[in-house]
>>> print(open('coords_9.txt').read())   # compact mmCIF, C-alpha atoms
# COMPACT_ATOMS: atom_id res chain seq x y z
CA MET E 1 1.65 -2.69 -31.94
CA LEU E 2 0.95 0.15 -29.55
CA GLU E 3 1.89 3.63 -30.73
CA ILE E 4 1.68 6.99 -28.95
CA VAL E 5 1.56 9.99 -31.30
CA ASP E 6 1.96 13.63 -30.16
CA LEU E 7 0.30 12.85 -26.84
CA LYS E 8 -0.42 15.90 -24.71
CA LYS E 9 -2.11 16.30 -21.34
CA ASP E 10 -2.90 19.60 -19.59
CA TYR E 11 -4.48 20.19 -16.20
CA LYS E 12 -6.26 23.51 -15.72
CA THR E 13 -6.77 25.09 -12.30
CA GLY E 14 -8.51 28.43 -12.63
CA ASN E 15 -6.39 30.47 -15.03
CA TYR E 16 -3.29 28.33 -14.41
CA VAL E 17 -2.46 25.47 -16.81
CA THR E 18 -0.07 22.63 -15.92
CA HIS E 19 1.48 20.83 -18.90
CA ALA E 20 1.82 17.28 -17.57
CA LEU E 21 2.76 15.81 -20.96
CA LYS E 22 4.12 17.70 -23.97
CA LYS E 23 3.89 15.99 -27.37
CA VAL E 24 5.06 12.53 -26.31
CA ASP E 25 5.86 9.96 -29.04
CA LEU E 26 6.39 6.27 -28.17
CA LYS E 27 6.34 2.93 -29.95
CA PHE E 28 5.90 -0.49 -28.35
CA LYS E 29 6.08 -3.93 -29.96
CA ASP E 30 3.42 -6.57 -29.43
CA LYS E 31 5.43 -8.12 -26.60
CA GLY E 32 8.44 -7.21 -24.49
CA PHE E 33 9.43 -5.44 -21.28
CA TYR E 34 9.44 -1.63 -21.48
CA SER E 35 10.31 0.73 -18.65
CA ILE E 36 9.52 4.41 -18.34
CA LEU E 37 12.08 6.07 -16.08
CA GLY E 38 11.92 9.53 -14.57
CA PRO E 39 11.84 11.53 -11.34
CA SER E 40 8.69 12.03 -9.27
CA GLY E 41 6.23 14.46 -10.86
CA CYS E 42 7.61 14.13 -14.39
CA GLY E 43 4.36 12.67 -15.79
CA LYS E 44 5.04 8.91 -15.66
CA SER E 45 1.78 7.92 -13.96
CA THR E 46 -0.17 10.37 -16.12
CA LEU E 47 1.26 8.70 -19.23
CA LEU E 48 0.36 5.24 -17.93
CA ASN E 49 -3.20 6.36 -17.07
CA LEU E 50 -3.64 7.68 -20.61
CA ILE E 51 -2.33 4.45 -22.16
CA GLY E 52 -4.69 2.48 -19.90
CA LEU E 53 -7.62 4.73 -20.88
CA LEU E 54 -8.18 5.77 -17.28
CA ASP E 55 -7.85 9.38 -18.43
CA THR E 56 -8.38 11.26 -21.69
CA PRO E 57 -5.59 13.18 -23.47
CA THR E 58 -5.80 16.88 -24.25
CA ASP E 59 -4.37 16.17 -27.70
CA GLY E 60 -2.68 13.37 -29.63
CA LYS E 61 -3.46 9.74 -30.40
CA ILE E 62 -3.11 6.32 -28.77
CA ILE E 63 -3.13 3.72 -31.56
CA PHE E 64 -3.41 -0.02 -30.96
CA ASN E 65 -3.29 -2.25 -34.04
CA GLU E 66 -4.49 0.60 -36.28
CA THR E 67 -7.36 1.50 -33.94
CA ASN E 68 -7.31 5.04 -32.53
CA LEU E 69 -8.25 4.44 -28.91
CA SER E 70 -8.55 8.19 -28.26
CA SER E 71 -11.68 8.37 -30.44
CA LEU E 72 -13.59 5.53 -28.78
CA LYS E 73 -16.89 6.00 -26.99
CA GLN E 74 -17.08 5.38 -23.25
CA ASP E 75 -18.72 1.93 -23.53
CA GLU E 76 -16.09 0.91 -26.11
CA ILE E 77 -13.32 2.16 -23.80
CA ASP E 78 -14.72 0.00 -20.97
CA LEU E 79 -14.83 -3.05 -23.23
CA PHE E 80 -11.29 -2.50 -24.51
CA ARG E 81 -9.85 -1.93 -21.05
CA ASN E 82 -11.51 -5.08 -19.65
CA LYS E 83 -10.37 -7.27 -22.53
CA TYR E 84 -6.97 -5.98 -23.59
CA ILE E 85 -5.40 -4.24 -20.57
CA GLY E 86 -4.29 -5.52 -17.17
CA PHE E 87 -3.28 -3.14 -14.36
CA VAL E 88 -0.74 -3.68 -11.59
CA PHE E 89 -0.76 -0.82 -9.08
CA GLN E 90 1.71 0.16 -6.38
CA SER E 91 -1.00 0.07 -3.71
CA TYR E 92 -2.54 -3.19 -5.08
CA HIS E 93 -6.18 -1.94 -5.03
CA LEU E 94 -7.51 -5.28 -3.81
CA ILE E 95 -10.93 -5.59 -2.14
CA HIS E 96 -9.98 -6.70 1.36
CA ASN E 97 -13.28 -8.29 2.35
CA LEU E 98 -13.06 -10.67 -0.63
CA THR E 99 -10.88 -13.77 -0.85
CA CYS E 100 -7.91 -13.97 -3.22
CA PHE E 101 -9.99 -16.14 -5.54
CA GLU E 102 -12.83 -13.60 -5.62
CA ASN E 103 -10.44 -10.68 -6.22
CA ILE E 104 -8.84 -12.44 -9.18
CA ALA E 105 -12.14 -13.69 -10.62
CA LEU E 106 -13.90 -10.32 -10.44
CA PRO E 107 -12.75 -9.08 -13.92
CA ILE E 108 -14.06 -12.30 -15.49
CA TYR E 109 -17.46 -11.86 -13.89
CA LEU E 110 -17.51 -8.21 -15.00
CA GLY E 111 -16.80 -9.45 -18.51
CA GLY E 112 -20.00 -11.51 -18.42
CA GLU E 113 -18.69 -15.02 -17.65
CA SER E 114 -21.10 -17.00 -15.43
CA ASP E 115 -19.65 -20.51 -15.61
CA LYS E 116 -18.11 -20.93 -12.15
CA ALA E 117 -16.20 -24.09 -13.13
CA LYS E 118 -14.39 -22.29 -15.96
CA VAL E 119 -13.61 -19.33 -13.73
CA GLU E 120 -12.23 -21.54 -10.98
CA GLU E 121 -10.06 -23.48 -13.44
CA ARG E 122 -8.62 -20.25 -14.85
CA VAL E 123 -7.94 -18.75 -11.40
CA ASP E 124 -6.27 -21.94 -10.16
CA GLU E 125 -4.01 -22.00 -13.21
CA ILE E 126 -2.81 -18.43 -12.66
CA LEU E 127 -2.33 -18.87 -8.90
CA LYS E 128 -0.13 -21.90 -9.52
CA LYS E 129 2.04 -19.85 -11.90
CA VAL E 130 2.88 -17.34 -9.17
CA GLY E 131 3.09 -19.94 -6.40
CA LEU E 132 0.12 -18.74 -4.37
CA PHE E 133 -2.39 -21.55 -4.82
CA ASP E 134 -2.37 -22.21 -1.06
CA VAL E 135 -3.75 -18.70 -0.29
CA LYS E 136 -6.66 -19.04 -2.70
CA ASP E 137 -9.34 -18.89 0.02
CA LYS E 138 -7.62 -16.34 2.26
CA LYS E 139 -8.73 -12.73 2.38
CA SER E 140 -6.29 -10.31 0.76
CA SER E 141 -6.01 -8.38 4.01
CA ASP E 142 -4.29 -11.43 5.56
CA LEU E 143 -1.44 -11.45 3.00
CA SER E 144 1.98 -9.83 2.98
CA GLY E 145 2.82 -6.97 0.62
CA GLY E 146 4.59 -9.25 -1.84
CA GLN E 147 1.71 -11.72 -1.84
CA MET E 148 -0.83 -8.95 -2.40
CA GLN E 149 1.19 -7.67 -5.36
CA ARG E 150 1.27 -11.18 -6.83
CA ILE E 151 -2.50 -11.44 -6.41
CA SER E 152 -2.76 -8.07 -8.16
CA ILE E 153 -0.69 -9.49 -11.04
CA CYS E 154 -2.97 -12.55 -11.17
CA ARG E 155 -6.00 -10.27 -11.39
CA ALA E 156 -4.34 -8.35 -14.24
CA LEU E 157 -3.74 -11.62 -16.13
CA ILE E 158 -7.12 -13.28 -15.62
CA ASN E 159 -8.62 -12.00 -18.91
CA SER E 160 -5.40 -12.76 -20.89
CA PRO E 161 -4.76 -9.10 -21.77
CA LYS E 162 -2.36 -8.07 -24.52
CA ILE E 163 -1.00 -5.13 -22.48
CA ILE E 164 0.06 -5.15 -18.82
CA LEU E 165 0.57 -1.74 -17.22
CA ALA E 166 2.56 -1.66 -13.98
CA ASP E 167 2.65 1.61 -12.03
CA GLU E 168 5.57 1.44 -9.55
CA PRO E 169 4.77 -2.24 -8.81
CA THR E 170 7.78 -2.57 -6.46
CA GLY E 171 7.54 0.84 -4.79
CA ALA E 172 6.06 -0.50 -1.53
CA LEU E 173 8.15 -3.69 -1.37
CA ASP E 174 11.56 -4.63 0.01
CA SER E 175 14.46 -5.31 -2.35
CA LYS E 176 14.12 -9.11 -2.32
CA THR E 177 10.37 -9.06 -3.00
CA SER E 178 10.89 -6.36 -5.66
CA LEU E 179 13.20 -8.70 -7.58
CA GLU E 180 10.63 -11.50 -7.34
CA ILE E 181 7.88 -9.26 -8.76
CA ALA E 182 10.20 -8.02 -11.51
CA GLU E 183 11.04 -11.63 -12.40
CA ILE E 184 7.34 -12.41 -12.76
CA LEU E 185 6.78 -9.38 -14.99
CA LYS E 186 9.82 -10.30 -17.08
CA LYS E 187 8.46 -13.80 -17.58
CA LEU E 188 5.09 -12.34 -18.61
CA SER E 189 6.77 -10.09 -21.18
CA GLU E 190 7.59 -13.18 -23.27
CA ASP E 191 3.91 -13.35 -24.28
CA HIS E 192 2.60 -9.88 -23.34
CA LEU E 193 3.51 -6.25 -23.73
CA VAL E 194 4.62 -5.12 -20.26
CA ILE E 195 5.03 -1.38 -19.61
CA MET E 196 6.42 -0.52 -16.21
CA VAL E 197 6.66 2.96 -14.72
CA THR E 198 9.44 3.21 -12.14
CA HIS E 199 12.20 5.39 -10.71
CA ASN E 200 14.35 2.33 -9.87
CA LYS E 201 17.13 2.45 -12.47
CA ASP E 202 18.77 -0.78 -11.36
CA LEU E 203 15.55 -2.73 -11.77
CA ALA E 204 14.81 -1.12 -15.13
CA TYR E 205 18.29 -1.83 -16.55
CA LYS E 206 18.28 -5.42 -15.31
CA TYR E 207 14.93 -6.52 -16.75
CA SER E 208 13.90 -4.11 -19.51
CA ASP E 209 14.21 -4.65 -23.22
CA GLU E 210 13.83 -0.91 -23.87
CA ILE E 211 13.84 2.16 -21.63
CA TYR E 212 12.21 5.54 -22.23
CA TYR E 213 13.36 8.50 -20.13
CA LEU E 214 10.70 11.03 -19.21
CA ASN E 215 11.40 14.43 -17.68
CA ASP E 216 9.10 17.47 -17.34
CA GLY E 217 6.50 15.80 -19.54
CA GLU E 218 8.89 15.09 -22.44
CA ILE E 219 10.80 12.04 -23.66
CA THR E 220 14.46 12.95 -23.25
CA ASP E 221 16.14 9.64 -24.18
CA HIS E 222 15.47 6.14 -25.47
CA LYS E 223 17.68 3.09 -24.98
CA ILE E 224 17.37 -0.37 -26.47
CA LEU E 225 18.92 -2.92 -24.09
CA LYS E 226 17.80 -6.07 -25.83
CA GLU E 227 17.28 -6.19 -29.58
CA GLU E 228 14.68 -8.61 -30.81
CA VAL E 229 13.61 -9.34 -34.36
CA GLU E 230 9.85 -9.08 -34.60
CA LYS E 231 8.17 -10.77 -37.52
CA GLU E 232 5.60 -8.63 -39.25
CA ASP E 233 2.57 -10.72 -40.04
CA ASN E 234 -0.38 -8.52 -40.87
CA LYS E 235 -2.58 -11.52 -41.52
CA ASN E 236 -2.25 -12.75 -37.97
CA GLN E 237 -2.27 -9.30 -36.40
CA LEU E 238 -4.89 -8.94 -33.70
CA ARG E 239 -7.87 -6.86 -34.71
CA VAL E 240 -9.70 -4.88 -32.10
CA VAL E 241 -13.31 -6.05 -32.08
CA PHE E 242 -15.98 -4.54 -29.86
CA LYS E 243 -18.85 -6.72 -28.77
CA ARG E 244 -21.61 -5.70 -26.44
CA ARG E 245 -20.71 -6.87 -22.97
CA LYS E 246 -23.08 -9.10 -21.07
CA LEU E 247 -24.41 -7.76 -17.84
CA VAL E 248 -23.03 -9.19 -14.63
CA SER E 249 -25.37 -11.90 -13.37
CA ASP E 250 -27.70 -11.06 -10.49
CA LYS E 251 -26.24 -13.97 -8.52
CA ILE E 252 -22.73 -12.46 -8.60
CA VAL E 253 -24.01 -8.98 -7.73
CA TRP E 254 -25.98 -10.26 -4.73
CA SER E 255 -23.07 -12.43 -3.62
CA LEU E 256 -20.67 -9.47 -3.60
CA ALA E 257 -23.23 -7.26 -1.86
CA ILE E 258 -23.86 -9.80 0.91
CA LYS E 259 -20.13 -10.34 1.44
CA ASN E 260 -19.62 -6.60 1.72
CA LEU E 261 -22.41 -6.32 4.31
CA LEU E 262 -21.12 -9.25 6.35
CA SER E 263 -17.58 -7.86 6.36
CA LYS E 264 -18.82 -4.82 8.31
CA LYS E 265 -21.52 -6.31 10.51
CA ALA E 266 -21.66 -3.57 13.13
CA LYS E 267 -21.83 -0.80 10.55
CA SER E 268 -24.47 -2.69 8.55
CA ILE E 269 -26.66 -3.30 11.66
CA ILE E 270 -26.43 0.33 12.79
CA SER E 271 -27.26 1.55 9.28
CA ALA E 272 -30.22 -0.85 9.04
CA VAL E 273 -31.59 0.24 12.45
CA ALA E 274 -31.15 3.91 11.57
CA ASN E 275 -32.96 3.39 8.26
CA CYS E 276 -35.80 1.58 10.04
CA PHE E 277 -36.22 4.43 12.51
CA GLY E 278 -36.20 6.88 9.61
CA LEU E 279 -38.90 4.93 7.76
CA VAL E 280 -41.05 4.65 10.90
CA ALA E 281 -40.72 8.40 11.55
CA LEU E 282 -41.62 9.17 7.94
CA GLY E 283 -44.65 6.88 8.13
CA PHE E 284 -45.76 8.49 11.41
CA ILE E 285 -45.55 12.00 9.93
CA LEU E 286 -47.49 10.95 6.81
CA ALA E 287 -50.17 9.25 8.97
CA LEU E 288 -50.46 12.33 11.22
CA THR E 289 -50.80 14.66 8.24
CA ASN E 290 -53.41 12.44 6.61
CA GLY E 291 -55.34 12.20 9.91
CA PHE E 292 -55.49 15.97 10.31
CA THR E 293 -56.71 16.32 6.72
CA VAL E 294 -59.46 13.75 7.19
CA TYR E 295 -60.53 15.31 10.52
CA SER E 296 -60.62 18.81 9.02
CA ASP E 297 -62.77 17.63 6.11
CA MET E 298 -65.13 15.84 8.52
CA VAL E 299 -65.55 18.91 10.76
CA SER E 300 -66.21 21.12 7.73
CA TYR E 301 -68.81 18.68 6.43
CA GLU E 302 -70.62 18.31 9.76
CA THR E 303 -70.59 22.06 10.39
CA ALA E 304 -72.10 22.83 7.00
CA SER E 305 -74.75 20.10 7.24
CA SER E 306 -76.02 21.37 10.63
CA LEU E 307 -76.86 24.84 9.31
CA PRO E 308 -80.04 25.68 7.27
CA ILE E 309 -79.68 27.18 3.84
CA ASN E 310 -81.75 30.41 3.67
CA VAL E 311 -82.92 31.39 0.21
CA PRO E 312 -84.85 34.72 0.32
CA ALA E 313 -87.65 35.31 -2.15
CA TYR E 314 -86.10 38.54 -3.33
CA THR E 315 -82.62 39.99 -3.55
CA ILE E 316 -82.27 43.76 -3.45
CA LYS E 317 -79.18 45.42 -4.90
CA THR E 318 -78.44 49.14 -4.82
CA ASP E 319 -76.12 51.02 -7.21
CA SER E 320 -75.26 54.69 -7.13
CA GLU E 321 -73.42 57.15 -9.32
CA SER E 322 -72.38 60.80 -8.94
CA ARG E 323 -71.27 63.59 -11.23
CA GLU E 324 -69.40 66.75 -10.35
CA ASP E 325 -68.74 69.63 -12.74
CA ILE E 326 -66.91 72.82 -11.80
CA ASN E 327 -66.95 75.47 -14.53
CA GLN E 328 -64.18 77.99 -14.05
CA SER E 329 -61.58 79.80 -16.05
CA THR E 330 -58.05 78.49 -16.14
CA GLU E 331 -56.72 82.02 -15.52
CA PHE E 332 -57.51 84.52 -12.79
CA PRO E 333 -60.28 86.81 -14.19
CA ASP E 334 -59.87 90.59 -14.33
CA ASP E 335 -63.58 91.29 -14.03
CA GLU E 336 -66.30 90.07 -11.73
CA ALA E 337 -67.86 86.84 -12.99
CA ILE E 338 -70.06 84.01 -11.71
CA PHE E 339 -68.87 80.40 -12.17
CA PRO E 340 -71.60 77.78 -11.63
CA TYR E 341 -70.84 74.57 -9.62
CA VAL E 342 -72.90 71.52 -10.48
CA SER E 343 -72.92 68.36 -8.32
CA THR E 344 -75.41 65.55 -8.91
CA SER E 345 -75.82 62.05 -7.49
CA SER E 346 -78.26 59.26 -8.31
CA GLU E 347 -79.14 56.02 -6.58
CA TYR E 348 -80.77 53.03 -8.24
CA THR E 349 -82.36 50.07 -6.49
CA TYR E 350 -82.91 46.72 -8.22
CA THR E 351 -85.11 43.94 -6.92
CA TYR E 352 -84.54 40.38 -8.17
CA ASN E 353 -86.98 37.50 -7.83
CA ASN E 354 -85.05 34.41 -6.69
CA TYR E 355 -87.87 31.99 -7.30
CA THR E 356 -87.34 31.60 -11.00
CA GLU E 357 -88.03 28.64 -13.24
CA GLU E 358 -84.34 27.83 -13.32
CA TYR E 359 -84.29 27.70 -9.49
CA PHE E 360 -87.20 25.24 -9.35
CA ASP E 361 -85.60 23.14 -12.07
CA LEU E 362 -82.44 23.01 -9.92
CA LEU E 363 -84.48 21.85 -6.89
CA ASP E 364 -86.13 19.14 -8.95
>>> encode(input="coords_9.txt", output="structure tokens")
Amino acid sequence: MLEIVDLKKDYKTGNYVTHALKKVDLKFKDKGFYSILGPSGCGKSTLLNLIGLLDTPTDGKIIFNETNLSSLKQDEIDLFRNKYIGFVFQSYHLIHNLTCFENIALPIYLGGESDKAKVEERVDEILKKVGLFDVKDKKSSDLSGGQMQRISICRALINSPKIILADEPTGALDSKTSLEIAEILKKLSEDHLVIMVTHNKDLAYKYSDEIYYLNDGEITDHKILKEEVEKEDNKNQLRVVFKRRKLVSDKIVWSLAIKNLLSKKAKSIISAVANCFGLVALGFILALTNGFTVYSDMVSYETASSLPINVPAYTIKTDSESREDINQSTEFPDDEAIFPYVSTSSEYTYTYNNYTEEYFDLLD
């Protein structure tokens, strides 16, 4: 069961605070179709982002099977999101230079799976469910809007998540295609918890089991359209377990990188040429600097070696000191008096013998 308790989200801009969500409380069963209805700007997408752990709440809790998701560390959040949550976005968020197969399989590879046969079997199974097996090897950019949304749903399902979050999944589609997507989500809700954010009341009333109304960041109403009896079985309740995720294999990383480069050949070639010129220029500057340094050292060495070293037998040093003393009263005298002025200076000359025993030892 997924439970939202006193959830609050504020956005601060300078001294101004926007209260996007204000103490929201929600409860969702383990499976079923839930819709969150409300006008634009009421906080629907913010709520969905918090449930999907794409954002962090200002206050409150998000509890899934007795685990407080709000207190998880970042690596645990990534693991939970990859394993338990599937996202369906209004704008699809597909990678257009990858094929449909590669777009759908990407979450599995990110989860650490490296067996290509297993991945292909799983992808084929999901594509057949949505009737798009024939576009498996096509790039997503070659598909229609409805097909891209179905591929997005396939990608959300590939890791068999417990929760599917759909943010305005029919917002960019025509009415006929919207019904087809809603039918798919309704079918999925038989085995998954599907939470859909939408402003389409007709769609929500037709397919939802329960509807929450959101306005100005608050739940204003709750309607149950389809009552279902849910058996409580704590023994079989899913426990959230965090295991260290395997790193994506080097083969997959290099494959995706090469595909990305090949999809933009002109840009890749220009970037490579520019980088080469930059490296050559850097090498030239370093070589020039090093050459000047070597040449300067060589000139200094040759100049010094061509001159004789003159060591005189004696070194004469002269020091001097002076002393000046003026004896006078600090006040102007009333009588005639003589004040002596004394000025002396001395000069001392020292002669040093440079040919000492230490000098000859140094020569030896």
>>> residues_around(input="coords_9.txt", residues="Leu69 of chain E", least_positions_apart="5", cutoff="9 Å", atoms="all atoms listed in the file", output="ChimeraX atom specification")
/E:51,53,61-64,77,80
>>> closest_residue(input="coords_9.txt", among="E:Glu183, E:Asp55, E:Leu288, E:Asp364", to="Arg81 of chain E", atoms="only C-alpha atoms")
E:Asp55
>>> residues_around(input="coords_9.txt", residues="segment 97-108 of chain E", least_positions_apart="2", cutoff="9 Å", atoms="all atoms listed in the file", output="number ranges by chain")
E: 82, 94-95, 110-114, 119-120, 122-124, 127, 135-141, 148, 151-159, 256, 259-260, 262-264
>>> closest_residue(input="coords_9.txt", among="E:Lys116, E:Lys22, E:Lys73, E:Lys176", to="Asn215 of chain E", atoms="only C-alpha atoms")
E:Lys22
>>> residues_near_point(input="coords_9.txt", point="(18.1, 7.5, -25.5)", cutoff="9 Å", atoms="only C-alpha atoms", output="PyMOL selection string")
chain E and resi 211-213+219-224
>>> closest_residue(input="coords_9.txt", among="E:Gly38, E:Ile164, E:Arg150, E:Lys9", to="Glu180 of chain E", atoms="all atoms listed in the file")
E:Arg150
>>> atom_distance(input="coords_9.txt", atom1="atom CA of Tyr301 of chain E", atom2="atom CA of Leu286 of chain E")
22.7 Å
>>> atom_distance(input="coords_9.txt", atom1="atom CA of Val294 of chain E", atom2="atom CA of Leu279 of chain E")
22.4 Å
>>> residues_around(input="coords_9.txt", residues="Gly217 of chain E", least_positions_apart="2", cutoff="7 Å", atoms="all atoms listed in the file", output="PyMOL selection string")
chain E and resi 20-22+42-43+214-215
>>> write_last_selection(input="coords_9.txt", atoms="C-alpha atoms", output="mmCIF file, in the frame of the given file")
data_model
loop_
_atom_site.group_PDB
_atom_site.id
_atom_site.type_symbol
_atom_site.label_atom_id
_atom_site.label_comp_id
_atom_site.auth_asym_id
_atom_site.auth_seq_id
_atom_site.Cartn_x
_atom_site.Cartn_y
_atom_site.Cartn_z
ATOM 1 C CA ALA E 20 1.820 17.280 -17.570
ATOM 2 C CA LEU E 21 2.760 15.810 -20.960
ATOM 3 C CA LYS E 22 4.120 17.700 -23.970
ATOM 4 C CA CYS E 42 7.610 14.130 -14.390
ATOM 5 C CA GLY E 43 4.360 12.670 -15.790
ATOM 6 C CA LEU E 214 10.700 11.030 -19.210
ATOM 7 C CA ASN E 215 11.400 14.430 -17.680
#
>>> atom_distance(input="coords_9.txt", atom1="atom CA of Thr289 of chain E", atom2="atom CA of Thr303 of chain E")
21.2 Å
>>> residues_around(input="coords_9.txt", residues="segment 314-320 of chain E", least_positions_apart="5", cutoff="12 Å", atoms="only C-alpha atoms", output="ChimeraX atom specification")
/E:344-356
>>> closest_residue(input="coords_9.txt", among="E:Leu282, E:Val311, E:Leu261, E:Leu72", to="Thr56 of chain E", atoms="all atoms listed in the file")
E:Leu72
>>> closest_residue(input="coords_9.txt", among="E:Glu121, E:Val280, E:Glu210, E:Thr58", to="Lys12 of chain E", atoms="all atoms listed in the file")
E:Thr58
>>> axis_aligned_box(input="coords_9.txt", around="segment 3-13 of chain E", padding_each_side="5 Å", output="JSON")
{"center_x": -2.4, "center_y": 14.4, "center_z": -21.8, "size_x": 18.7, "size_y": 31.5, "size_z": 29.0}
>>> closest_residue(input="coords_9.txt", among="E:Ile258, E:Leu179, E:Leu2, E:Ile85", to="Asp202 of chain E", atoms="only C-alpha atoms")
E:Leu179
